[in-house]
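Read the structure below first, then the notes.
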2 protein chains.
Amino acid sequence: MTAAWVGVCCSQPPCITVSLRAATYSHGNIVERRAFTVNIPSDRYLKETDYIGIVSGRDTDKFSATKLTPVKSDLVDAPYVKEFPLILECKLRHTIELGLHTQFIGEIIDAKADETVLENGLPDMRKVNPFLYAPIARKYYSVGKYLGDAHDVGKQL
Amino acid sequence: MTAAWVGVCCSQPPCITVSLRAATYSHGNIVERRAFTVNIPSDRYLKETDYIGIVSGRDTDKFSATKLTPVKSDLVDAPYVKEFPLILECKLRHTIELGLHTQFIGEIIDAKADETVLENGLPDMRKVNPFLYAPIARKYYSVGKYLGDAHDVGKQL
């Protein structure tokens, strides 16, 4: 599924939070498998990513419809998208019912990056080239220009 | 403080997650006040925002050093930054110890937006003009070009 409410929530152990409505097909899968993957698309997959957020896995084979390729994860019981440049394999650690959304906190067990998006061995923003989602307005934006280094530009104040 | 691990985690009630290391000054403040604000800077405040992430509130008056203006929140016991275009006043609802970071989940009690960033009564990405942070690489990026509407571009697949 395409999820908007996602974010890092711990550095050590590395954890990521994904909040889903109980009505979604993915919600049931995560509860059952106690695992999930987070797949970061590059902007060339904007249409596929949006499509995956429109239809439900209950009645549509999203991999087949988008011509994306499911791959079995190495370490967790969940598939990932072969064509997406950055993949996080996660084991479910906490489930917190907040209201309309359930917050799932997963420990990142493995991170995979396509060789082509690496710079000095780490994923590079320019090369991953992900895109942003503005909720409510429901608009997508690209990543813009480099503005400066963190823990550095502030020294010029 | 400047926080990297932040994200929406529920739509109803509206909740936001902020994960901080126990060593930070803000961590103690949130535990004590059971409240916090989230302040979204526009890119004209890049240097100030970075500076706020370099120094500690234990030994530096960050408002004074950055010439930003603290304002007492209307509904929660925490200040906000007058100059930043988008403010969320939050009451602490959940505290989850994850490891190096503590995850604070706050219910958004009020949202304030500068009149100049509104479009049809809602904050507009182009007008708020926030910026992105790439962790590990520690680089800031602007928001780039509009790519399309969500729940729409996928129909062209």
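Identifiers in this document derive from the order of the structure tokens: chains are assigned A, B, ..., residues are numbered from 1 separately in each chain, and ligands are numbered from 1 in order of occurrence.
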Distance query Glu48 (chain B) at most 12 Å, only C-alpha atoms, self and fewer than 3 positions along chain excluded, as JSON, numbers by chain | {"A": [150, 151, 152, 153, 154, 155, 156, 157], "B": [1, 2, 41, 42, 43, 44, 45, 51, 52, 53, 54, 55, 62, 63, 64, 65, 66, 67, 68, 69, 81, 83, 84]}
With N, CA and C atoms retained, could you export that selection as an mmCIF file, in the first residue's frame?
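The result, stored in again25.cif:
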data_model
loop_
_atom_site.group_PDB
_atom_site.id
_atom_site.type_symbol
_atom_site.label_atom_id
_atom_site.label_comp_id
_atom_site.auth_asym_id
_atom_site.auth_seq_id
_atom_site.Cartn_x
_atom_site.Cartn_y
_atom_site.Cartn_z
ATOM 1 N N ALA A 150 23.750 20.312 7.453
ATOM 2 C CA ALA A 150 23.269 20.417 8.826
ATOM 3 C C ALA A 150 24.456 20.446 9.791
ATOM 4 N N HIS A 151 24.265 21.083 10.925
ATOM 5 C CA HIS A 151 25.313 21.257 11.945
ATOM 6 C C HIS A 151 26.449 22.098 11.374
ATOM 7 N N ASP A 152 26.128 22.870 10.359
ATOM 8 C CA ASP A 152 27.143 23.717 9.738
ATOM 9 C C ASP A 152 26.578 25.089 9.375
ATOM 10 N N VAL A 153 25.473 25.126 8.599
ATOM 11 C CA VAL A 153 24.937 26.435 8.176
ATOM 12 C C VAL A 153 24.538 27.301 9.382
ATOM 13 N N GLY A 154 24.164 26.644 10.490
ATOM 14 C CA GLY A 154 23.768 27.389 11.682
ATOM 15 C C GLY A 154 24.924 28.157 12.313
ATOM 16 N N LYS A 155 26.149 27.734 12.004
ATOM 17 C CA LYS A 155 27.320 28.413 12.566
ATOM 18 C C LYS A 155 27.517 29.805 11.968
ATOM 19 N N GLN A 156 26.854 30.041 10.818
ATOM 20 C CA GLN A 156 26.977 31.351 10.159
ATOM 21 C C GLN A 156 26.037 32.381 10.777
ATOM 22 N N LEU A 157 25.222 31.931 11.722
ATOM 23 C CA LEU A 157 24.218 32.852 12.285
ATOM 24 C C LEU A 157 24.897 34.034 12.984
ATOM 25 N N MET B 1 14.013 22.792 20.266
ATOM 26 C CA MET B 1 15.080 22.043 19.632
ATOM 27 C C MET B 1 14.715 21.733 18.184
ATOM 28 N N THR B 2 15.710 21.381 17.397
ATOM 29 C CA THR B 2 15.475 20.910 16.039
ATOM 30 C C THR B 2 15.408 19.391 16.099
ATOM 31 N N PRO B 41 9.531 25.534 10.189
ATOM 32 C CA PRO B 41 10.178 26.736 9.653
ATOM 33 C C PRO B 41 10.067 26.798 8.130
ATOM 34 N N SER B 42 10.005 27.997 7.596
ATOM 35 C CA SER B 42 10.165 28.157 6.148
ATOM 36 C C SER B 42 11.664 28.290 5.881
ATOM 37 N N ASP B 43 12.070 28.145 4.615
ATOM 38 C CA ASP B 43 13.504 28.023 4.345
ATOM 39 C C ASP B 43 14.288 29.313 4.616
ATOM 40 N N ARG B 44 13.596 30.430 4.778
ATOM 41 C CA ARG B 44 14.323 31.647 5.144
ATOM 42 C C ARG B 44 14.922 31.525 6.557
ATOM 43 N N TYR B 45 14.427 30.562 7.327
ATOM 44 C CA TYR B 45 14.943 30.351 8.684
ATOM 45 C C TYR B 45 15.849 29.119 8.786
ATOM 46 N N TYR B 51 21.001 26.189 13.734
ATOM 47 C CA TYR B 51 21.647 26.645 14.976
ATOM 48 C C TYR B 51 20.968 26.038 16.200
ATOM 49 N N ILE B 52 19.630 26.012 16.166
ATOM 50 C CA ILE B 52 18.842 25.480 17.284
ATOM 51 C C ILE B 52 19.132 23.989 17.502
ATOM 52 N N GLY B 53 19.594 23.319 16.446
ATOM 53 C CA GLY B 53 19.962 21.907 16.551
ATOM 54 C C GLY B 53 21.402 21.691 16.976
ATOM 55 N N ILE B 54 22.188 22.747 17.015
ATOM 56 C CA ILE B 54 23.611 22.620 17.380
ATOM 57 C C ILE B 54 23.819 22.850 18.869
ATOM 58 N N VAL B 55 23.161 23.879 19.421
ATOM 59 C CA VAL B 55 23.365 24.246 20.825
ATOM 60 C C VAL B 55 22.283 23.622 21.717
ATOM 61 N N LYS B 62 18.101 30.026 23.196
ATOM 62 C CA LYS B 62 18.041 29.910 21.742
ATOM 63 C C LYS B 62 17.192 31.013 21.113
ATOM 64 N N PHE B 63 16.147 31.439 21.782
ATOM 65 C CA PHE B 63 15.313 32.521 21.242
ATOM 66 C C PHE B 63 16.133 33.800 21.127
ATOM 67 N N SER B 64 16.851 34.115 22.174
ATOM 68 C CA SER B 64 17.667 35.323 22.178
ATOM 69 C C SER B 64 18.770 35.240 21.120
ATOM 70 N N ALA B 65 19.434 34.108 21.035
ATOM 71 C CA ALA B 65 20.551 33.953 20.097
ATOM 72 C C ALA B 65 20.098 34.038 18.641
ATOM 73 N N THR B 66 18.893 33.567 18.353
ATOM 74 C CA THR B 66 18.413 33.548 16.971
ATOM 75 C C THR B 66 17.543 34.763 16.640
ATOM 76 N N LYS B 67 17.248 35.563 17.667
ATOM 77 C CA LYS B 67 16.332 36.704 17.515
ATOM 78 C C LYS B 67 14.926 36.265 17.096
ATOM 79 N N LEU B 68 14.588 35.012 17.418
ATOM 80 C CA LEU B 68 13.220 34.540 17.204
ATOM 81 C C LEU B 68 12.405 34.864 18.454
ATOM 82 N N THR B 69 11.080 34.890 18.293
ATOM 83 C CA THR B 69 10.211 35.373 19.366
ATOM 84 C C THR B 69 9.379 34.251 19.987
ATOM 85 N N VAL B 81 7.198 29.435 18.221
ATOM 86 C CA VAL B 81 8.030 30.432 17.557
ATOM 87 C C VAL B 81 7.144 31.320 16.674
ATOM 88 N N GLU B 83 7.737 33.554 14.439
ATOM 89 C CA GLU B 83 8.114 33.772 13.039
ATOM 90 C C GLU B 83 7.877 32.562 12.128
ATOM 91 N N PHE B 84 7.669 31.386 12.713
ATOM 92 C CA PHE B 84 7.515 30.190 11.875
ATOM 93 C C PHE B 84 6.057 30.107 11.403
#
Chain A contacts on chain B, only C-alpha atoms, 6 Å, as an NGL selection string = :B and (5 or 7-10 or 12 or 19 or 47 or 50-51 or 54 or 99-101 or 138-151 or 153-154)
Skip Leu86 (chain B) itself and residues of its chain fewer than 4 positions away, then list as a ChimeraX atom specification all residues within 10 Å of it, counting only C-alpha atoms.
-> /B:38-42,80-82,111-115,117,123,128,130
Apply DSSP to the structure's backbone, then extract all residues of region 11-152 of chain A labelled alpha helix (DSSP H) and return them as an MDAnalysis selection string.
-> chainID A and resid 25:33 46:54 62:66 125:128
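In this model, the gap between CA of His27 (chain A) and CA of Asp59 (chain A) comes to 15.3 Å.
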DSSP on the backbone, then: every residue of region 17-129 of chain B marked strand (DSSP E), written as a VMD selection string.
-> chain B and resid 17 to 21 35 to 40 70 to 72 79 to 81 86 to 97 101 to 113 118 to 119 122 to 123
Save out the residues we just selected, N, CA and C atoms, as a short mmCIF file (atom, residue, chain, number, x, y, z; two decimals), in the first residue's frame.
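Saved as out-v4.cif:
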data_model
loop_
_atom_site.label_atom_id
_atom_site.label_comp_id
_atom_site.auth_asym_id
_atom_site.auth_seq_id
_atom_site.Cartn_x
_atom_site.Cartn_y
_atom_site.Cartn_z
N THR B 17 4.03 12.29 16.15
CA THR B 17 5.06 11.63 16.94
C THR B 17 6.37 12.41 16.84
N VAL B 18 7.00 12.60 17.99
CA VAL B 18 8.29 13.28 18.08
C VAL B 18 9.19 12.40 18.94
N SER B 19 10.31 11.96 18.38
CA SER B 19 11.19 11.06 19.12
C SER B 19 12.48 11.78 19.49
N LEU B 20 12.79 11.77 20.78
CA LEU B 20 13.95 12.52 21.30
C LEU B 20 14.81 11.61 22.16
N ARG B 21 16.10 11.91 22.19
CA ARG B 21 16.99 11.23 23.13
C ARG B 21 16.75 11.78 24.54
N ALA B 35 3.35 18.43 27.41
CA ALA B 35 2.89 19.24 26.27
C ALA B 35 4.11 19.65 25.45
N PHE B 36 3.87 19.94 24.20
CA PHE B 36 4.93 20.49 23.34
C PHE B 36 4.28 21.16 22.14
N THR B 37 5.07 21.96 21.43
CA THR B 37 4.61 22.49 20.14
C THR B 37 5.55 22.00 19.05
N VAL B 38 5.02 21.85 17.85
CA VAL B 38 5.83 21.55 16.68
C VAL B 38 5.75 22.78 15.79
N ASN B 39 6.92 23.30 15.43
CA ASN B 39 7.03 24.56 14.69
C ASN B 39 7.72 24.29 13.36
N ILE B 40 7.01 24.53 12.27
CA ILE B 40 7.58 24.25 10.94
C ILE B 40 8.20 25.53 10.39
N PRO B 70 9.56 33.99 21.29
CA PRO B 70 8.72 32.99 21.95
C PRO B 70 7.33 33.55 22.25
N VAL B 71 6.32 32.76 22.00
CA VAL B 71 4.95 33.14 22.31
C VAL B 71 4.34 32.03 23.17
N LYS B 72 3.61 32.42 24.20
CA LYS B 72 2.95 31.43 25.06
C LYS B 72 1.79 30.82 24.28
N PRO B 79 5.98 27.00 24.73
CA PRO B 79 6.03 28.18 23.85
C PRO B 79 6.07 27.76 22.38
N TYR B 80 5.74 28.70 21.49
CA TYR B 80 5.97 28.46 20.06
C TYR B 80 6.75 29.63 19.48
N VAL B 81 7.20 29.44 18.22
CA VAL B 81 8.03 30.43 17.56
C VAL B 81 7.14 31.32 16.67
N LEU B 86 3.92 27.71 10.58
CA LEU B 86 2.97 26.65 10.90
C LEU B 86 3.29 26.09 12.28
N ILE B 87 2.29 26.11 13.16
CA ILE B 87 2.50 25.72 14.56
C ILE B 87 1.45 24.69 14.96
N LEU B 88 1.87 23.65 15.64
CA LEU B 88 0.95 22.67 16.20
C LEU B 88 1.10 22.66 17.72
N GLU B 89 0.01 22.89 18.43
CA GLU B 89 0.02 22.80 19.90
C GLU B 89 -0.43 21.39 20.27
N CYS B 90 0.40 20.70 21.05
CA CYS B 90 0.15 19.28 21.30
C CYS B 90 0.13 18.93 22.79
N LYS B 91 -0.79 18.06 23.15
CA LYS B 91 -0.83 17.49 24.50
C LYS B 91 -0.28 16.08 24.44
N LEU B 92 0.62 15.76 25.38
CA LEU B 92 1.26 14.44 25.39
C LEU B 92 0.22 13.36 25.71
N ARG B 93 0.14 12.35 24.87
CA ARG B 93 -0.82 11.26 25.08
C ARG B 93 -0.14 9.93 25.37
N HIS B 94 1.01 9.67 24.72
CA HIS B 94 1.71 8.40 24.93
C HIS B 94 3.22 8.64 24.98
N THR B 95 3.89 7.87 25.79
CA THR B 95 5.35 7.92 25.88
C THR B 95 5.86 6.49 25.74
N ILE B 96 6.64 6.23 24.71
CA ILE B 96 7.09 4.86 24.44
C ILE B 96 8.61 4.85 24.40
N GLU B 97 9.20 4.09 25.30
CA GLU B 97 10.67 3.97 25.34
C GLU B 97 11.11 2.95 24.31
N HIS B 101 16.05 6.54 21.64
CA HIS B 101 15.01 7.57 21.57
C HIS B 101 13.74 7.19 22.34
N THR B 102 13.12 8.20 22.94
CA THR B 102 11.80 8.06 23.53
C THR B 102 10.82 8.62 22.51
N GLN B 103 9.77 7.87 22.23
CA GLN B 103 8.76 8.38 21.31
C GLN B 103 7.64 9.06 22.11
N PHE B 104 7.43 10.34 21.84
CA PHE B 104 6.33 11.08 22.43
C PHE B 104 5.23 11.21 21.38
N ILE B 105 4.02 10.80 21.73
CA ILE B 105 2.89 10.99 20.82
C ILE B 105 2.02 12.08 21.41
N GLY B 106 1.83 13.14 20.64
CA GLY B 106 1.02 14.26 21.10
C GLY B 106 -0.25 14.38 20.28
N GLU B 107 -1.34 14.69 20.95
CA GLU B 107 -2.57 15.00 20.21
C GLU B 107 -2.52 16.47 19.83
N ILE B 108 -2.78 16.75 18.58
CA ILE B 108 -2.75 18.13 18.09
C ILE B 108 -4.05 18.82 18.53
N ILE B 109 -3.90 19.73 19.48
CA ILE B 109 -5.05 20.42 20.07
C ILE B 109 -5.42 21.66 19.26
N ASP B 110 -4.40 22.25 18.66
CA ASP B 110 -4.65 23.43 17.83
C ASP B 110 -3.56 23.53 16.76
N ALA B 111 -3.95 24.02 15.60
CA ALA B 111 -2.99 24.29 14.53
C ALA B 111 -3.12 25.76 14.15
N LYS B 112 -1.99 26.45 14.08
CA LYS B 112 -1.99 27.86 13.72
C LYS B 112 -1.17 28.02 12.45
N ALA B 113 -1.68 28.81 11.53
CA ALA B 113 -0.93 29.08 10.31
C ALA B 113 -0.94 30.58 10.05
N LEU B 118 -1.61 30.64 3.56
CA LEU B 118 -2.86 29.94 3.27
C LEU B 118 -3.26 30.05 1.80
N GLU B 119 -3.89 28.99 1.33
CA GLU B 119 -4.47 28.94 -0.02
C GLU B 119 -5.83 28.26 0.15
N LEU B 122 -6.24 26.77 3.69
CA LEU B 122 -5.36 25.72 4.20
C LEU B 122 -3.90 26.03 3.86
N PRO B 123 -2.96 25.56 4.70
CA PRO B 123 -1.55 25.81 4.41
C PRO B 123 -1.16 25.23 3.06
#
As a check of understanding: the span from CA of Thr24 (chain A) to CA of Asp77 (chain A) is 18.4 Å
Coordinates-based distance that separates CA of Asp61 (chain A) from CA of Ala23 (chain A) (Å, one decimal) |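 Between CA of Ala23 (chain A) and CA of Asp61 (chain A) the gap is 17.7 Å.
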